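The structure appears right after this line, and notes come after that.
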Amino acid sequence: MKKAFIIDIDNCWLDSRLWISKAPLGSTSEDEWMIFYRKVYFCKPNKEFIEDILKIVEEKQLFPIFVTARSGSVATQTILQIQQNSPLIVGNTCALYMRPSRNDYRSSEEVKRDLLMDVLKEYEIECVIDDTVANLLMFKEHGISNVIHYDIQTHDYNRI
Ligand SMILES: [Mg+2]
């Protein structure tokens, strides 16, 4: 099996801080996603993180897999956001796994758990990098021991 690592998109590969959780107080997670999906294109590349990832790809010869809680309804924008900011090509030199439906409002860790099951059919996962601790704990529970928390404010990486 191909040796790979999993990376998150929002607040890792992209700086999405302006667009995440900007829904008014008391709105449902459905409202928050609606706002986010309208603004998704404006998330900016996180150059420092992207450089680090490309270094890992080259030096460790690991295949990058993006696992995101964004839904497939924004796949076109997401693929552009990967490809415009790196030499990676989705479906060729990297893979992208997304929330299956826009009407799916499960938590990120639930979605990513299901996506992980699909990933594990094809790849051997060496490590996971994500900015959300709940996601990382889920990956750890499912047998991936090397899980790394990324903090977009400080650009620090910490093993959990
Ligand atoms: Mg994230």
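Naming scheme: A, B, ... for chains in displayed order of the structure tokens; residues 1 onward per chain; ligands 1 onward as shown.
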Q. So which residues touch range 36-43 of chain A within 7 Å, counting only C-alpha atoms, skipping near sequence neighbours fewer than 6 positions away, as a ChimeraX atom specification?
A. /A:14-16,19-20,77
If you keep C-alpha atoms, can you produce a file of those selected residues as a PDB file, in the first residue's frame?
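Output contents, as saved in again33.pdb:
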ATOM      1  CA  LEU A  14      -5.909  27.664   3.806  1.00  0.00           C
ATOM      2  CA  ASP A  15      -6.400  30.513   6.200  1.00  0.00           C
ATOM      3  CA  SER A  16     -10.169  30.349   6.687  1.00  0.00           C
ATOM      4  CA  TRP A  19     -15.096  32.764   7.223  1.00  0.00           C
ATOM      5  CA  ILE A  20     -15.451  30.084   9.835  1.00  0.00           C
ATOM      6  CA  GLN A  77     -13.244  25.669  -5.584  1.00  0.00           C
TER       7      GLN A  77
END
Q) Using only C-alpha atoms and all ligand atoms, which protein or nucleic acid residues are at most 8 Å from ligand 1, as a PyMOL selection string? A) chain A and resi 8-12+68+130-132
Would you save the residues from that selection as a PDB file, in the first residue's frame, using N, CA and C atoms?
ATOM      1  N   ASP A   8      -5.365  18.560   6.695  1.00  0.00           N
ATOM      2  CA  ASP A   8      -6.635  19.273   6.729  1.00  0.00           C
ATOM      3  C   ASP A   8      -6.529  20.494   5.810  1.00  0.00           C
ATOM      4  N   ILE A   9      -7.683  21.020   5.414  1.00  0.00           N
ATOM      5  CA  ILE A   9      -7.672  22.191   4.532  1.00  0.00           C
ATOM      6  C   ILE A   9      -7.902  23.497   5.304  1.00  0.00           C
ATOM      7  N   ASP A  10      -9.060  23.618   5.945  1.00  0.00           N
ATOM      8  CA  ASP A  10      -9.394  24.911   6.560  1.00  0.00           C
ATOM      9  C   ASP A  10      -8.611  25.147   7.847  1.00  0.00           C
ATOM     10  N   ASN A  11      -7.970  26.281   7.863  1.00  0.00           N
ATOM     11  CA  ASN A  11      -7.066  26.694   8.936  1.00  0.00           C
ATOM     12  C   ASN A  11      -5.836  25.801   9.059  1.00  0.00           C
ATOM     13  N   CYS A  12      -5.496  25.182   7.936  1.00  0.00           N
ATOM     14  CA  CYS A  12      -4.209  24.507   7.761  1.00  0.00           C
ATOM     15  C   CYS A  12      -3.678  24.969   6.404  1.00  0.00           C
ATOM     16  N   THR A  68     -11.216  16.668   4.345  1.00  0.00           N
ATOM     17  CA  THR A  68     -11.879  17.891   4.790  1.00  0.00           C
ATOM     18  C   THR A  68     -13.348  17.678   5.107  1.00  0.00           C
ATOM     19  N   ASP A 130      -3.833  18.382  11.570  1.00  0.00           N
ATOM     20  CA  ASP A 130      -5.152  19.030  11.592  1.00  0.00           C
ATOM     21  C   ASP A 130      -5.104  20.106  12.682  1.00  0.00           C
ATOM     22  N   ASP A 131      -5.982  21.121  12.538  1.00  0.00           N
ATOM     23  CA  ASP A 131      -6.007  22.177  13.556  1.00  0.00           C
ATOM     24  C   ASP A 131      -7.076  21.928  14.617  1.00  0.00           C
ATOM     25  N   THR A 132      -7.847  20.841  14.467  1.00  0.00           N
ATOM     26  CA  THR A 132      -8.938  20.582  15.411  1.00  0.00           C
ATOM     27  C   THR A 132      -8.628  19.347  16.245  1.00  0.00           C
TER      28      THR A 132
END
Residues of range 51-74 of chain A at most 12 Å from range 97-116 of chain A: nearest atom pair and distance in Å, only C-alpha atoms, as CSV:
residue,atom,partner,partner_atom,distance
A:Pro64,CA,A:Tyr97,CA,11.2
A:Ile65,CA,A:Tyr97,CA,7.5
A:Phe66,CA,A:Tyr97,CA,6.1
A:Val67,CA,A:Tyr97,CA,4.8
A:Thr68,CA,A:Met98,CA,5.2
A:Ala69,CA,A:Arg99,CA,5.2
A:Arg70,CA,A:Arg99,CA,5.6
A:Ser71,CA,A:Arg99,CA,4.2
A:Gly72,CA,A:Met98,CA,5.5
A:Ser73,CA,A:Arg102,CA,6.2
A:Val74,CA,A:Arg102,CA,8.9
Could you save those same residues with C-alpha atoms as a tab-separated table (two decimals), in the first residue's frame?
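Listing of selection_36.tsv after writing:
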chain	number	residue	atom	x	y	z
A	64	PRO	CA	-0.57	13.86	0.53
A	65	ILE	CA	-4.26	13.23	1.19
A	66	PHE	CA	-6.57	16.13	1.97
A	67	VAL	CA	-9.39	15.08	4.28
A	68	THR	CA	-11.88	17.89	4.79
A	69	ALA	CA	-15.26	18.42	6.40
A	70	ARG	CA	-16.18	20.70	3.49
A	71	SER	CA	-18.75	19.07	1.26
A	72	GLY	CA	-18.28	17.90	-2.30
A	73	SER	CA	-20.54	20.78	-3.37
A	74	VAL	CA	-17.48	23.03	-3.15
Q: Quick one: pick out all strand (DSSP E or B) residues within chain A from a backbone DSSP run and write them as an MDAnalysis selection string.
A: chainID A and resid 2:7 10 14:15 44:45 63:71 90 94:99 123:130 147:151 156:159
Restricting it to C-alpha atoms, dump the selection as an mmCIF file, in the first residue's frame.
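Below is the file that was written, part.cif:
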data_model
loop_
_atom_site.group_PDB
_atom_site.id
_atom_site.type_symbol
_atom_site.label_atom_id
_atom_site.label_comp_id
_atom_site.auth_asym_id
_atom_site.auth_seq_id
_atom_site.Cartn_x
_atom_site.Cartn_y
_atom_site.Cartn_z
ATOM 1 C CA LYS A 2 1.074 3.530 -0.758
ATOM 2 C CA LYS A 3 2.537 5.427 2.205
ATOM 3 C CA ALA A 4 0.616 8.637 2.762
ATOM 4 C CA PHE A 5 -0.206 11.368 5.241
ATOM 5 C CA ILE A 6 -3.453 13.204 5.905
ATOM 6 C CA ILE A 7 -3.758 16.975 5.967
ATOM 7 C CA ASP A 10 -9.394 24.911 6.560
ATOM 8 C CA LEU A 14 -5.909 27.664 3.806
ATOM 9 C CA ASP A 15 -6.400 30.513 6.200
ATOM 10 C CA LYS A 44 -6.406 32.506 1.509
ATOM 11 C CA PRO A 45 -3.489 30.113 0.980
ATOM 12 C CA PHE A 63 1.560 10.928 -0.691
ATOM 13 C CA PRO A 64 -0.569 13.862 0.531
ATOM 14 C CA ILE A 65 -4.259 13.233 1.191
ATOM 15 C CA PHE A 66 -6.567 16.135 1.969
ATOM 16 C CA VAL A 67 -9.389 15.078 4.285
ATOM 17 C CA THR A 68 -11.879 17.891 4.790
ATOM 18 C CA ALA A 69 -15.264 18.420 6.399
ATOM 19 C CA ARG A 70 -16.180 20.698 3.486
ATOM 20 C CA SER A 71 -18.746 19.071 1.261
ATOM 21 C CA VAL A 90 -5.797 16.309 -7.227
ATOM 22 C CA CYS A 94 -2.525 14.089 -4.161
ATOM 23 C CA ALA A 95 -5.987 12.928 -3.137
ATOM 24 C CA LEU A 96 -9.018 14.782 -1.797
ATOM 25 C CA TYR A 97 -11.734 13.313 0.435
ATOM 26 C CA MET A 98 -14.768 15.501 1.222
ATOM 27 C CA ARG A 99 -18.034 15.392 3.180
ATOM 28 C CA TYR A 123 -3.262 3.914 1.839
ATOM 29 C CA GLU A 124 -0.976 3.335 4.790
ATOM 30 C CA ILE A 125 -1.209 6.507 6.891
ATOM 31 C CA GLU A 126 2.014 7.689 8.539
ATOM 32 C CA CYS A 127 0.648 10.838 10.131
ATOM 33 C CA VAL A 128 -2.212 13.335 10.319
ATOM 34 C CA ILE A 129 -1.990 17.122 10.586
ATOM 35 C CA ASP A 130 -5.152 19.030 11.592
ATOM 36 C CA VAL A 147 -1.206 12.919 15.033
ATOM 37 C CA ILE A 148 -0.016 16.517 14.917
ATOM 38 C CA HIS A 149 -1.882 19.629 15.949
ATOM 39 C CA TYR A 150 -1.259 22.729 13.843
ATOM 40 C CA ASP A 151 -1.908 26.207 15.232
ATOM 41 C CA ASP A 156 3.390 25.665 15.788
ATOM 42 C CA TYR A 157 3.142 21.905 15.283
ATOM 43 C CA ASN A 158 2.570 19.754 18.341
ATOM 44 C CA ARG A 159 2.230 15.992 18.645
#
Q: Identify, with DSSP run on backbone atoms, the residues in chain A assigned to alpha helix (DSSP H), and express the list as a PyMOL selection string.
A: chain A and resi 29-39+47-60+75-83+108-122+133-141
Q | One-decimal distance in Å that lies between CA of Trp13 in chain A and CA of His155 in chain A | A | 11.5 Å
Q: Quick one: pull the distance between CA of Leu120 in chain A and CA of Ile144 in chain A, Å, one decimal.
A: 10.4 Å
Q: Calculate how many Å separate CA of Ile50 in chain A from CA of Asn146 in chain A, rounding to one decimal.
A: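 Going from CA of Ile50 in chain A over to CA of Asn146 in chain A covers 19.4 Å.
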Q: Point out the residue among A:Asn92, A:Asp118, A:Leu136, A:Lys55 with the least atom-to-atom distance to Ile79 in chain A, counting only C-alpha atoms.
A: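 The shortest atom-to-atom distance to Ile79 in chain A comes from A:Asn92.
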